[in-house]
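Structure data follow from work06.txt (compact mmCIF, C-alpha atoms):
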# COMPACT_ATOMS: atom_id res chain seq x y z
CA MET G 34 -45.92 -23.66 -0.86
CA ASN G 35 -45.93 -19.89 -0.35
CA THR G 36 -46.56 -17.23 -2.99
CA GLN G 37 -42.92 -16.24 -3.53
CA LYS G 38 -41.84 -19.85 -4.16
CA ASN G 39 -44.75 -20.28 -6.57
CA GLN G 40 -43.76 -17.13 -8.46
CA ALA G 41 -40.14 -18.33 -8.57
CA LEU G 42 -41.31 -21.70 -9.96
CA GLN G 43 -43.33 -19.95 -12.67
CA ALA G 44 -40.35 -17.79 -13.65
CA LEU G 45 -38.09 -20.87 -13.81
CA LYS G 46 -40.59 -22.83 -15.93
CA THR G 47 -40.94 -19.90 -18.33
CA SER G 48 -37.15 -19.52 -18.57
CA LYS G 49 -36.82 -23.26 -19.28
CA GLY G 50 -39.25 -22.84 -22.19
CA GLN G 51 -37.26 -19.84 -23.43
CA ILE G 52 -34.02 -21.81 -23.36
CA GLU G 53 -35.61 -24.64 -25.36
CA ALA G 54 -36.70 -22.02 -27.90
CA ILE G 55 -33.19 -20.51 -27.98
CA ILE G 56 -31.68 -23.95 -28.66
CA ASN G 57 -34.05 -24.31 -31.63
CA MET G 58 -33.17 -20.80 -32.84
CA ILE G 59 -29.47 -21.68 -32.94
CA GLU G 60 -30.11 -25.03 -34.65
CA ASP G 61 -32.25 -23.21 -37.25
CA GLY G 62 -29.43 -20.74 -37.93
CA ARG G 63 -31.37 -17.71 -36.70
CA TYR G 64 -29.74 -14.28 -36.47
CA CYS G 65 -27.19 -14.06 -33.62
CA VAL G 66 -28.48 -10.74 -32.28
CA ASP G 67 -31.98 -12.21 -31.88
CA VAL G 68 -30.48 -15.24 -30.10
CA SER G 69 -28.47 -12.95 -27.80
CA ASN G 70 -31.55 -10.89 -26.90
CA GLN G 71 -33.48 -14.06 -26.01
CA ILE G 72 -30.62 -15.27 -23.80
CA ILE G 73 -30.69 -11.91 -21.99
CA ALA G 74 -34.47 -12.31 -21.48
CA ALA G 75 -33.92 -15.78 -19.96
CA GLN G 76 -31.22 -14.35 -17.68
CA SER G 77 -33.70 -11.71 -16.45
CA LEU G 78 -36.19 -14.43 -15.50
CA LEU G 79 -33.52 -16.38 -13.59
CA LYS G 80 -32.58 -13.20 -11.76
CA LYS G 81 -36.24 -12.61 -10.87
CA ALA G 82 -36.57 -16.21 -9.61
CA ASN G 83 -33.43 -15.80 -7.51
CA LEU G 84 -34.64 -12.58 -5.90
CA LEU G 85 -37.97 -14.25 -5.00
CA ILE G 86 -36.17 -17.24 -3.46
CA LEU G 87 -33.86 -14.93 -1.49
CA GLN G 88 -36.74 -12.74 -0.35
CA GLN G 89 -38.62 -15.75 1.00
CA HIS G 90 -35.37 -16.96 2.58
CA MET G 91 -34.78 -13.63 4.34
CA GLU G 92 -38.37 -13.27 5.51
CA HIS G 93 -38.71 -16.84 6.80
CA CYS G 94 -35.46 -18.80 7.41
CA VAL G 95 -33.29 -15.85 8.44
CA THR G 96 -35.97 -14.31 10.64
CA GLU G 97 -36.60 -17.67 12.37
CA ALA G 98 -32.87 -18.31 12.78
CA PHE G 99 -32.50 -15.02 14.64
CA GLU G 100 -35.50 -15.89 16.83
CA HIS G 101 -33.72 -19.14 17.75
CA GLY G 102 -30.39 -17.44 18.44
CA ASN G 103 -28.45 -18.74 15.43
CA GLY G 104 -28.78 -15.82 13.04
CA LYS G 105 -25.06 -15.25 12.60
CA GLU G 106 -24.44 -18.25 10.34
CA LYS G 107 -27.34 -17.10 8.12
CA ILE G 108 -25.66 -13.71 7.73
CA SER G 109 -22.48 -15.39 6.54
CA GLU G 110 -24.44 -17.48 3.97
CA ILE G 111 -26.19 -14.38 2.65
CA MET G 112 -22.93 -12.46 2.31
CA GLN G 113 -21.59 -15.28 0.12
CA ILE G 114 -24.67 -15.05 -2.11
CA LEU G 115 -24.36 -11.25 -2.20
CA ALA G 116 -20.71 -11.48 -3.26
CA LYS G 117 -21.66 -13.86 -6.08
CA LEU G 118 -24.61 -11.72 -7.18
CA THR G 119 -22.53 -8.58 -7.53
CA ASN G 120 -20.39 -10.53 -9.98
CA LYS G 121 -23.31 -11.76 -12.11
CA MET M 266 -22.25 -25.20 -37.46
CA ASN M 267 -19.07 -23.56 -36.16
CA THR M 268 -17.31 -24.31 -32.87
CA GLN M 269 -18.57 -21.28 -30.95
CA LYS M 270 -22.22 -22.01 -31.82
CA ASN M 271 -21.70 -25.64 -30.78
CA GLN M 272 -20.20 -24.58 -27.45
CA ALA M 273 -23.09 -22.15 -26.92
CA LEU M 274 -25.58 -24.97 -27.65
CA GLN M 275 -23.86 -27.21 -25.10
CA ALA M 276 -23.95 -24.48 -22.45
CA LEU M 277 -27.65 -23.86 -23.14
CA LYS M 278 -28.49 -27.57 -22.96
CA THR M 279 -26.62 -27.90 -19.66
CA SER M 280 -28.37 -24.81 -18.24
CA LYS M 281 -31.74 -26.25 -19.30
CA GLY M 282 -30.92 -29.42 -17.31
CA GLN M 283 -29.89 -27.28 -14.32
CA ILE M 284 -33.16 -25.35 -14.42
CA GLU M 285 -35.15 -28.60 -14.49
CA ALA M 286 -33.18 -29.72 -11.43
CA ILE M 287 -33.82 -26.36 -9.69
CA ILE M 288 -37.58 -26.71 -10.31
CA ASN M 289 -37.44 -30.14 -8.63
CA MET M 290 -35.41 -28.71 -5.73
CA ILE M 291 -38.08 -26.09 -5.04
CA GLU M 292 -40.91 -28.63 -5.35
CA ASP M 293 -39.05 -30.89 -2.90
CA GLY M 294 -38.70 -28.03 -0.40
CA ARG M 295 -34.90 -27.93 -0.58
CA TYR M 296 -32.94 -25.24 1.29
CA CYS M 297 -33.31 -21.78 -0.30
CA VAL M 298 -29.59 -20.96 -0.24
CA ASP M 299 -28.83 -24.15 -2.23
CA VAL M 300 -31.57 -23.23 -4.72
CA SER M 301 -30.15 -19.70 -5.03
CA ASN M 302 -26.63 -21.01 -5.68
CA GLN M 303 -27.93 -23.31 -8.42
CA ILE M 304 -29.80 -20.42 -10.06
CA ILE M 305 -26.55 -18.40 -10.04
CA ALA M 306 -24.75 -21.35 -11.69
CA ALA M 307 -27.42 -21.49 -14.43
CA GLN M 308 -27.05 -17.73 -14.95
CA SER M 309 -23.30 -18.20 -15.45
CA LEU M 310 -23.92 -20.75 -18.20
CA LEU M 311 -26.36 -18.43 -19.97
CA LYS M 312 -23.80 -15.66 -19.77
CA LYS M 313 -21.16 -17.98 -21.25
CA ALA M 314 -23.54 -18.98 -24.08
CA ASN M 315 -24.28 -15.32 -24.79
CA LEU M 316 -20.60 -14.38 -24.98
CA LEU M 317 -19.97 -17.25 -27.42
CA ILE M 318 -22.89 -16.17 -29.62
CA LEU M 319 -21.70 -12.56 -29.57
CA GLN M 320 -18.12 -13.56 -30.32
CA GLN M 321 -19.19 -15.54 -33.36
CA HIS M 322 -21.43 -12.62 -34.38
CA MET M 323 -18.57 -10.12 -34.15
CA GLU M 324 -16.07 -12.35 -35.96
CA HIS M 325 -18.41 -13.31 -38.79
CA CYS M 326 -21.53 -11.14 -39.32
CA VAL M 327 -20.00 -7.82 -38.22
CA THR M 328 -16.75 -8.39 -40.07
CA GLU M 329 -18.65 -9.33 -43.27
CA ALA M 330 -20.99 -6.36 -42.89
CA PHE M 331 -18.02 -4.00 -42.83
CA GLU M 332 -16.55 -5.72 -45.88
CA HIS M 333 -19.84 -5.04 -47.70
CA GLY M 334 -20.02 -1.42 -46.56
CA ASN M 335 -22.92 -1.75 -44.14
CA GLY M 336 -21.07 -2.06 -40.85
CA LYS M 337 -22.67 0.98 -39.19
CA GLU M 338 -26.03 -0.68 -38.51
CA LYS M 339 -24.21 -3.63 -36.91
CA ILE M 340 -22.46 -1.23 -34.53
CA SER M 341 -25.80 0.18 -33.44
CA GLU M 342 -27.17 -3.36 -32.78
CA ILE M 343 -24.13 -4.25 -30.70
CA MET M 344 -24.38 -1.08 -28.64
CA GLN M 345 -27.96 -2.04 -27.74
CA ILE M 346 -26.78 -5.49 -26.60
CA LEU M 347 -23.90 -3.88 -24.67
CA ALA M 348 -26.29 -1.51 -22.88
CA LYS M 349 -28.48 -4.46 -21.87
CA LEU M 350 -25.52 -6.57 -20.77
CA THR M 351 -24.15 -3.92 -18.45
CA ASN M 352 -27.53 -4.05 -16.69
CA LYS M 353 -27.58 -7.83 -16.26
CA MET F 184 -13.73 16.48 -28.25
CA ASN F 185 -16.97 14.88 -29.42
CA THR F 186 -20.30 14.83 -27.61
CA GLN F 187 -20.03 11.26 -26.25
CA LYS F 188 -16.61 11.90 -24.73
CA ASN F 189 -17.94 15.11 -23.17
CA GLN F 190 -20.92 13.28 -21.69
CA ALA F 191 -18.60 10.56 -20.36
CA LEU F 192 -16.41 13.25 -18.76
CA GLN F 193 -19.43 14.84 -17.09
CA ALA F 194 -20.57 11.45 -15.73
CA LEU F 195 -17.07 10.75 -14.39
CA LYS F 196 -16.80 14.18 -12.74
CA THR F 197 -20.20 13.72 -11.09
CA SER F 198 -19.27 10.23 -9.88
CA LYS F 199 -16.01 11.60 -8.43
CA GLY F 200 -18.06 14.13 -6.45
CA GLN F 201 -20.38 11.35 -5.27
CA ILE F 202 -17.45 9.25 -4.08
CA GLU F 203 -16.05 12.20 -2.13
CA ALA F 204 -19.47 12.57 -0.51
CA ILE F 205 -19.61 8.83 0.28
CA ILE F 206 -16.18 9.01 1.95
CA ASN F 207 -17.54 11.83 4.16
CA MET F 208 -20.70 9.82 4.90
CA ILE F 209 -18.64 6.89 6.20
CA GLU F 210 -16.32 9.16 8.24
CA ASP F 211 -19.42 10.80 9.76
CA GLY F 212 -20.85 7.38 10.72
CA ARG F 213 -23.89 7.68 8.43
CA TYR F 214 -26.32 4.76 8.08
CA CYS F 215 -24.81 1.85 6.05
CA VAL F 216 -27.88 1.40 3.83
CA ASP F 217 -27.68 5.05 2.75
CA VAL F 218 -23.96 4.64 2.04
CA SER F 219 -24.65 1.48 0.02
CA ASN F 220 -27.32 3.22 -2.06
CA GLN F 221 -24.93 6.08 -2.85
CA ILE F 222 -22.22 3.61 -3.91
CA ILE F 223 -24.75 1.96 -6.27
CA ALA F 224 -25.58 5.40 -7.72
CA ALA F 225 -21.86 6.06 -8.35
CA GLN F 226 -21.54 2.64 -10.03
CA SER F 227 -24.43 3.55 -12.36
CA LEU F 228 -22.62 6.71 -13.45
CA LEU F 229 -19.41 4.79 -14.15
CA LYS F 230 -21.41 2.30 -16.20
CA LYS F 231 -22.98 5.15 -18.15
CA ALA F 232 -19.53 6.70 -18.78
CA ASN F 233 -18.19 3.35 -19.95
CA LEU F 234 -21.06 2.82 -22.41
CA LEU F 235 -20.49 6.30 -23.86
CA ILE F 236 -16.76 5.63 -24.28
CA LEU F 237 -17.45 2.27 -25.91
CA GLN F 238 -20.11 3.75 -28.20
CA GLN F 239 -17.71 6.40 -29.44
CA HIS F 240 -15.03 3.71 -29.81
CA MET F 241 -17.32 1.50 -31.92
CA GLU F 242 -18.58 4.35 -34.08
CA HIS F 243 -15.17 5.87 -34.74
CA CYS F 244 -12.09 3.68 -34.06
CA VAL F 245 -13.68 0.33 -34.97
CA THR F 246 -15.39 1.68 -38.07
CA GLU F 247 -12.14 3.31 -39.26
CA ALA F 248 -10.14 0.16 -38.50
CA PHE F 249 -12.43 -1.86 -40.77
CA GLU F 250 -12.12 0.78 -43.48
CA HIS F 251 -8.33 0.36 -43.29
CA GLY F 252 -8.48 -3.43 -43.31
CA ASN F 253 -7.44 -4.07 -39.72
CA GLY F 254 -10.84 -4.56 -38.08
CA LYS F 255 -10.15 -8.04 -36.73
CA GLU F 256 -7.89 -6.96 -33.88
CA LYS F 257 -10.54 -4.43 -32.80
CA ILE F 258 -13.09 -7.25 -32.59
CA SER F 259 -10.80 -9.18 -30.27
CA GLU F 260 -10.33 -6.11 -27.99
CA ILE F 261 -14.09 -5.57 -27.81
CA MET F 262 -14.75 -9.21 -26.93
CA GLN F 263 -12.36 -8.84 -23.98
CA ILE F 264 -14.28 -5.77 -22.77
CA LEU F 265 -17.60 -7.59 -23.31
CA ALA F 266 -16.39 -10.56 -21.25
CA LYS F 267 -15.39 -8.23 -18.41
CA LEU F 268 -18.64 -6.25 -18.59
CA THR F 269 -20.81 -9.33 -18.27
CA ASN F 270 -18.99 -9.99 -14.99
CA LYS F 271 -19.57 -6.50 -13.56
CA MET S 30 -14.22 2.74 13.11
CA ASN S 31 -14.18 -1.03 12.46
CA THR S 32 -11.97 -2.88 9.99
CA GLN S 33 -14.60 -3.36 7.27
CA LYS S 34 -15.47 0.36 7.21
CA ASN S 35 -11.76 1.18 7.04
CA GLN S 36 -11.25 -1.20 4.13
CA ALA S 37 -14.30 0.29 2.38
CA LEU S 38 -12.85 3.78 2.88
CA GLN S 39 -9.53 2.71 1.39
CA ALA S 40 -11.28 1.18 -1.65
CA LEU S 41 -13.32 4.37 -2.13
CA LYS S 42 -10.26 6.62 -1.86
CA THR S 43 -8.37 4.47 -4.39
CA SER S 44 -11.35 4.50 -6.78
CA LYS S 45 -11.56 8.31 -6.46
CA GLY S 46 -7.89 8.51 -7.53
CA GLN S 47 -8.59 6.16 -10.44
CA ILE S 48 -11.50 8.30 -11.61
CA GLU S 49 -9.32 11.43 -11.51
CA ALA S 50 -6.77 9.55 -13.64
CA ILE S 51 -9.52 8.44 -16.08
CA ILE S 52 -10.70 12.04 -16.46
CA ASN S 53 -7.12 13.02 -17.39
CA MET S 54 -6.88 10.08 -19.81
CA ILE S 55 -9.97 11.27 -21.69
CA GLU S 56 -8.79 14.91 -21.71
CA ASP S 57 -5.43 13.73 -23.09
CA GLY S 58 -7.17 11.79 -25.88
CA ARG S 59 -5.97 8.38 -24.69
CA TYR S 60 -7.14 5.18 -26.41
CA CYS S 61 -10.81 4.37 -25.63
CA VAL S 62 -10.20 0.70 -24.81
CA ASP S 63 -7.64 1.70 -22.14
CA VAL S 64 -10.13 4.22 -20.72
CA SER S 65 -12.86 1.56 -20.68
CA ASN S 66 -10.63 -0.93 -18.84
CA GLN S 67 -9.80 1.68 -16.20
CA ILE S 68 -13.50 2.47 -15.70
CA ILE S 69 -14.14 -1.27 -15.18
CA ALA S 70 -11.34 -1.35 -12.58
CA ALA S 71 -12.92 1.59 -10.72
CA GLN S 72 -16.31 -0.19 -10.82
CA SER S 73 -14.69 -3.26 -9.24
CA LEU S 74 -13.40 -1.16 -6.35
CA LEU S 75 -16.83 0.40 -5.77
CA LYS S 76 -18.34 -3.07 -5.76
CA LYS S 77 -15.76 -4.19 -3.20
CA ALA S 78 -16.49 -1.14 -1.02
CA ASN S 79 -20.22 -1.84 -1.22
CA LEU S 80 -19.82 -5.49 -0.19
CA LEU S 81 -17.71 -4.42 2.81
CA ILE S 82 -20.31 -1.86 3.88
CA LEU S 83 -23.11 -4.41 3.49
CA GLN S 84 -21.17 -7.06 5.37
CA GLN S 85 -20.62 -4.74 8.30
CA HIS S 86 -24.30 -3.74 8.10
CA MET S 87 -25.46 -7.37 8.22
CA GLU S 88 -23.10 -8.35 11.02
CA HIS S 89 -23.85 -5.35 13.21
CA CYS S 90 -27.04 -3.36 12.46
CA VAL S 91 -29.16 -6.29 11.22
CA THR S 92 -28.01 -8.61 13.99
CA GLU S 93 -28.74 -5.95 16.65
CA ALA S 94 -32.12 -5.13 15.10
CA PHE S 95 -33.17 -8.77 15.42
CA GLU S 96 -31.96 -8.80 19.03
CA HIS S 97 -34.24 -5.82 19.69
CA GLY S 98 -37.23 -7.35 17.90
CA ASN S 99 -37.28 -5.07 14.86
CA GLY S 100 -35.43 -7.20 12.34
CA LYS S 101 -38.24 -7.29 9.77
CA GLU S 102 -37.75 -3.74 8.50
CA LYS S 103 -34.02 -4.45 8.06
CA ILE S 104 -34.90 -7.45 5.86
CA SER S 105 -37.01 -5.23 3.64
CA GLU S 106 -34.17 -2.69 3.30
CA ILE S 107 -31.71 -5.42 2.35
CA MET S 108 -34.06 -6.87 -0.25
CA GLN S 109 -34.21 -3.44 -1.91
CA ILE S 110 -30.40 -3.31 -2.03
CA LEU S 111 -30.28 -6.89 -3.35
CA ALA S 112 -32.73 -6.06 -6.12
CA LYS S 113 -30.61 -3.07 -7.14
CA LEU S 114 -27.36 -5.05 -6.97
CA THR S 115 -28.63 -7.78 -9.27
CA ASN S 116 -29.22 -5.03 -11.84
CA LYS S 117 -25.73 -3.53 -11.54

If you convert what's in this file into structure tokens, what do you get?
Amino acid sequence: MNTQKNQALQALKTSKGQIEAIINMIEDGRYCVDVSNQIIAAQSLLKKANLLILQQHMEHCVTEAFEHGNGKEKISEIMQILAKLTNK
Amino acid sequence: MNTQKNQALQALKTSKGQIEAIINMIEDGRYCVDVSNQIIAAQSLLKKANLLILQQHMEHCVTEAFEHGNGKEKISEIMQILAKLTNK
Amino acid sequence: MNTQKNQALQALKTSKGQIEAIINMIEDGRYCVDVSNQIIAAQSLLKKANLLILQQHMEHCVTEAFEHGNGKEKISEIMQILAKLTNK
Amino acid sequence: MNTQKNQALQALKTSKGQIEAIINMIEDGRYCVDVSNQIIAAQSLLKKANLLILQQHMEHCVTEAFEHGNGKEKISEIMQILAKLTNK
């Protein structure tokens, strides 16, 4: 597995741990603003993981697709992701 | 626990399950675009959980703070969350 | 007019100038990536203006509404803005 | 000029008109929540314009760059835009 995928995995595992902690915070009746800040931190990690996955996708899959003459469908897939990301 | 906190807990538990599934997808070498779409879905659930937590905060803690004459510090806390959220 | 509203006005006037420049860039056939970066810069200014408007709203209108016993409807308005902002 | 650039231009011109109207709203002392909602509407139009510009960039410039063997630098440019967009 390449470096970017490994970094994405680490970010996802850390965010999973954060979410488990957030669940405990809510069950323990912790202060809402602290809970909200932790949710925002977990969102940042997911965003980081997503960018790493997309970077590795662009540098490998998309580049290879263009080398094999079928780049256009990759472009359409990426535009769909881009449209979703600008709404996140 | 009130309804909004319960709904936030459910969203967080579902997003935790999604992140576990995403970790498996990456370890199994699944297609990057599918991984990316799943990460975006998990982000949406975190966002939903955060809005529920903030709604319950505004309707209870902030409202009570104003009734006890110390609403101003709550406003400052919420502005910090708002500033972070517009950058997510 | 208070300081926050003045700062919001300045940000909006600057962003208007940026958008005029972006329109010229497109009409002149300038490079798409440069156009995209300028659009992102204009979006940042709008976001800044919005935060300033909301800050002044929270510190003045919302605070006064609570002092006059009708804070609850303000909370509902702010939650609607918050829900929209998390989707921007 | 192609269709996507024309649609982007239209969105930018409409958003410029909206921002002029927002400036007047603030100068006339209009209600903050209405101002905030109009700013969010203008942000949506900028986002739409940006997606159109990026789509045309991906379908034309990036595709041509790969056909001429220099696609890799385009990928790096797009990743920078993607990173910025996920923070908007």

7 Å contact set for region 46-58 of chain G, only C-alpha atoms, chain neighbours under 3 positions out, as a list in words: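 My list of contacting residues is Leu42, Gln43, Asp61, Gly62, Arg63, Val68, Gln71, Ala75, Leu78 and Leu79 of chain G; Leu274, Leu277, Lys281 and Ile284 of chain M.
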
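Here CA of Thr115 (chain S) is placed at a distance of 25.1 Å from CA of Glu97 (chain G).
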
As a PDB file with C-alpha atoms, in the frame of the given file, could you give me every residue of chain M near chain F (at most 8 Å apart, counting all atoms listed in the file)?
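Just written: part_38.pdb:
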ATOM      1  CA  LYS M 312     -23.800 -15.660 -19.770  1.00  0.00           C
ATOM      2  CA  LEU M 316     -20.600 -14.380 -24.980  1.00  0.00           C
ATOM      3  CA  GLN M 320     -18.120 -13.560 -30.320  1.00  0.00           C
ATOM      4  CA  MET M 323     -18.570 -10.120 -34.150  1.00  0.00           C
ATOM      5  CA  GLU M 324     -16.070 -12.350 -35.960  1.00  0.00           C
ATOM      6  CA  THR M 328     -16.750  -8.390 -40.070  1.00  0.00           C
ATOM      7  CA  PHE M 331     -18.020  -4.000 -42.830  1.00  0.00           C
ATOM      8  CA  GLU M 332     -16.550  -5.720 -45.880  1.00  0.00           C
ATOM      9  CA  GLY M 336     -21.070  -2.060 -40.850  1.00  0.00           C
ATOM     10  CA  LYS M 337     -22.670   0.980 -39.190  1.00  0.00           C
ATOM     11  CA  ILE M 340     -22.460  -1.230 -34.530  1.00  0.00           C
ATOM     12  CA  MET M 344     -24.380  -1.080 -28.640  1.00  0.00           C
ATOM     13  CA  LEU M 347     -23.900  -3.880 -24.670  1.00  0.00           C
ATOM     14  CA  ALA M 348     -26.290  -1.510 -22.880  1.00  0.00           C
ATOM     15  CA  LEU M 350     -25.520  -6.570 -20.770  1.00  0.00           C
ATOM     16  CA  THR M 351     -24.150  -3.920 -18.450  1.00  0.00           C
ATOM     17  CA  LYS M 353     -27.580  -7.830 -16.260  1.00  0.00           C
TER      18      LYS M 353
END

d(CA of Val298 (chain M), CA of Ala44 (chain G)) in Å: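 Here the two named atoms are 17.5 Å from each other.
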
Please compute the CA of Met30 (chain S)-CA of Gln72 (chain S) distance, one decimal, in Å.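 Spanning CA of Met30 (chain S) to CA of Gln72 (chain S) is a straight-line distance of 24.2 Å.
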
Take every atom of region 100-110 of chain S listed in the file, pad by 8 Å on each side, and give me the axis-aligned box centre and edge lengths in Å, one decimal, as AutoDock Vina command-line options.
--center_x -34.3 --center_y -5.1 --center_z 5.2 --size_x 23.8 --size_y 20.8 --size_z 30.4

From G:Ile59, G:Asp67, G:Asn35, G:Glu110, residue lying nearest Gln89 (chain G) [only C-alpha atoms]: G:Asn35

Can you write region 96-110 of chain S from the block above with N, CA and C atoms, as a CSV table (one decimal), in the first residue's frame?
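Result saved to result_18.csv:
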chain,number,residue,atom,x,y,z
S,96,GLU,N,-3.0,14.4,-23.3
S,96,GLU,CA,-2.8,14.0,-24.7
S,96,GLU,C,-1.4,14.4,-25.1
S,97,HIS,N,-0.9,15.5,-24.5
S,97,HIS,CA,0.5,16.0,-24.9
S,97,HIS,C,1.5,15.6,-23.9
S,98,GLY,N,1.2,14.7,-23.0
S,98,GLY,CA,2.2,14.1,-22.1
S,98,GLY,C,2.6,14.9,-20.9
S,99,ASN,N,1.9,16.0,-20.7
S,99,ASN,CA,2.2,16.8,-19.5
S,99,ASN,C,1.0,16.9,-18.6
S,100,GLY,N,0.4,15.8,-18.3
S,100,GLY,CA,-0.8,15.8,-17.5
S,100,GLY,C,-0.4,15.9,-16.0
S,101,LYS,N,0.7,15.5,-15.6
S,101,LYS,CA,1.1,15.4,-14.2
S,101,LYS,C,1.0,16.8,-13.5
S,102,GLU,N,1.5,17.8,-14.1
S,102,GLU,CA,1.4,19.2,-13.5
S,102,GLU,C,0.0,19.7,-13.3
S,103,LYS,N,-0.9,19.2,-14.3
S,103,LYS,CA,-2.3,19.6,-14.1
S,103,LYS,C,-2.9,19.0,-12.9
S,104,ILE,N,-2.5,17.7,-12.6
S,104,ILE,CA,-3.0,17.0,-11.5
S,104,ILE,C,-2.7,17.7,-10.2
S,105,SER,N,-1.4,18.2,-10.2
S,105,SER,CA,-1.0,18.9,-9.0
S,105,SER,C,-1.7,20.2,-8.8
S,106,GLU,N,-2.0,20.9,-9.9
S,106,GLU,CA,-2.8,22.2,-9.8
S,106,GLU,C,-4.2,21.9,-9.2
S,107,ILE,N,-4.8,20.8,-9.7
S,107,ILE,CA,-6.2,20.5,-9.3
S,107,ILE,C,-6.2,20.1,-7.9
S,108,MET,N,-5.2,19.4,-7.4
S,108,MET,CA,-5.2,19.0,-6.0
S,108,MET,C,-5.1,20.2,-5.1
S,109,GLN,N,-4.4,21.2,-5.6
S,109,GLN,CA,-4.4,22.5,-4.7
S,109,GLN,C,-5.8,23.1,-4.7
S,110,ILE,N,-6.5,23.1,-5.8
S,110,ILE,CA,-7.8,23.7,-5.8
S,110,ILE,C,-8.7,22.8,-4.9
